[in-house]
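Each remark here refers to the structure printed beneath this line.
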Amino acid sequence: MLKKWLNEASYVVVFTGAGMSTESGLPDFRSANQGLWNNQDPSQIASTEALNNNVEAFTQFYRERVIGVKNYQPHKGHYILADWEKQGIVQSVITQNVDGFHQQAGSKRVAELHGTLQKLHCQSCQREYSSEEYVQRGYYCECGGILRPSIVLFGETLPVDAFQMALLESEKADLFIVLGSSLSVTPANQFPLIAKERGARLVIVNREPTAFDNYADQLIQNRQLGDVLAEIE
């Protein structure tokens with residue numbers, strides 16, 4: 001069914017969540033840090049409050065995450081989506097992931113709703129740096145400001161540009177494919193519904209059920225995402 005709909009569609013948007021990253025071997029946000037931070041809640045460390053009041057814990061936490069991402073790479077599913085974009089089959093990707101794997105695989109039109117661990121920026125002057133600075137234990141800008149990953153922290157809103165792109169793409173889609181998201185995080189989980197309300201077919205590919213399965217035109221569960229995409233090629 002999905003292959004048929006891909007062939008028929010004129011505007012295909014793909015939405016990816018944690019399952020897309022874990023298929024590369026990357027641990028998900030919470031399990032990645034079990035034990036590492038003495039059972040501290042990551043939401044306490046990965047927050048604006050920690051950035052402002054507990055810089056050492058914040059930078060150590062994110063140095064581990066930056067290094068962790070560098071130990072993994074895109075899987076075949078990422079490369080298939082990038083190839084589909086080149087062919088004009090897929091128009092854009094909306095992602096909740098911060099690993100940057102879609103771009104590494106070659107995707108160009110990506111809305112990173114939660115930012116990226118591939119870049120840092122100065123909290124004071126906004127100057128951008130490579131995440132390699134954290135690997136080398138460089139935590140401060142030339143201006144003296146703190147370097148932080150260019151991701152959305154607890155206590156921050158989604159980046160305006162990425163949000164607006166995701167909204168426009170969702171409204172234009174006539175086929176909207178969810179890959180590896182539980183659709184439990186707001187406001188990101190509203191985009192499939194926006195697409196559906198505008199008349200798009202909705203396909204949800206996820207290992208486990210989601211709260212929005214009733215809205216889906218097709219459900220694919222308990223499958224590797226890369227395998228599902230490879231079968232369609």
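Identifiers for the structure tokens are assigned positionally: chains receive A, B, ... in sequence, residues are indexed from 1 per chain, and ligands are indexed from 1 in the order shown.
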
Rows by chain and residue number, segment 188-215 of chain A within 6 Å of segment 164-184 of chain A, shortest pair, only C-alpha atoms, as JSON lines:
```
{"residue": "A:Asn189", "atom": "CA", "partner": "A:Leu183", "partner_atom": "CA", "distance": 4.9}
{"residue": "A:Phe191", "atom": "CA", "partner": "A:Ser170", "partner_atom": "CA", "distance": 5.9}
{"residue": "A:Ala195", "atom": "CA", "partner": "A:Ser170", "partner_atom": "CA", "distance": 4.8}
{"residue": "A:Ala200", "atom": "CA", "partner": "A:Asp174", "partner_atom": "CA", "distance": 3.9}
{"residue": "A:Arg201", "atom": "CA", "partner": "A:Leu175", "partner_atom": "CA", "distance": 4.8}
{"residue": "A:Leu202", "atom": "CA", "partner": "A:Phe176", "partner_atom": "CA", "distance": 5.0}
{"residue": "A:Val203", "atom": "CA", "partner": "A:Ile177", "partner_atom": "CA", "distance": 4.8}
{"residue": "A:Ile204", "atom": "CA", "partner": "A:Val178", "partner_atom": "CA", "distance": 4.7}
{"residue": "A:Val205", "atom": "CA", "partner": "A:Leu179", "partner_atom": "CA", "distance": 5.0}
{"residue": "A:Asn206", "atom": "CA", "partner": "A:Gly180", "partner_atom": "CA", "distance": 4.7}
{"residue": "A:Thr210", "atom": "CA", "partner": "A:Ser182", "partner_atom": "CA", "distance": 5.2}
```

- request: Using DSSP on the backbone, list every residue of segment 29-231 of chain A that comes out as helix (DSSP H, G or I), and give them as number ranges by chain.
  value: A: 31-33, 42-45, 48-53, 55-70, 76-87, 101-105, 132-135, 160-172, 190-197, 213-215, 225-231

message: From the options A:Asp227, A:Ala111, A:Gln96, A:Pro149, which residue's atoms come nearest to Ala46 of chain A, counting only C-alpha atoms?
response: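 Nearest candidate to Ala46 of chain A out of A:Asp227, A:Ala111, A:Gln96, A:Pro149: A:Pro149.
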
task: Would you list the contacts of Glu112 of chain A as a PyMOL selection string, taking every protein, DNA or RNA residue within 9 Å and counting only C-alpha atoms, but skipping same-chain residues closer than 4 positions in sequence?
output: chain A and resi 93-98+100+116+159+162-163+166

Output file for the selection above: C-alpha atoms, as a PDB file, in the first residue's frame:
```
ATOM      1  CA  VAL A  93      11.954  15.546   6.455  1.00  0.00           C
ATOM      2  CA  ILE A  94      10.708  16.776   9.819  1.00  0.00           C
ATOM      3  CA  THR A  95      12.728  15.268  12.660  1.00  0.00           C
ATOM      4  CA  GLN A  96      12.620  15.208  16.429  1.00  0.00           C
ATOM      5  CA  ASN A  97      16.178  13.843  16.470  1.00  0.00           C
ATOM      6  CA  VAL A  98      19.279  15.894  17.252  1.00  0.00           C
ATOM      7  CA  GLY A 100      22.190  15.254  12.386  1.00  0.00           C
ATOM      8  CA  THR A 116      21.242  19.527  16.549  1.00  0.00           C
ATOM      9  CA  PRO A 159      13.247  27.064  16.979  1.00  0.00           C
ATOM     10  CA  ALA A 162      12.200  24.791  11.989  1.00  0.00           C
ATOM     11  CA  PHE A 163       8.692  25.016  13.417  1.00  0.00           C
ATOM     12  CA  ALA A 166       7.424  21.877   9.578  1.00  0.00           C
TER      13      ALA A 166
END
```
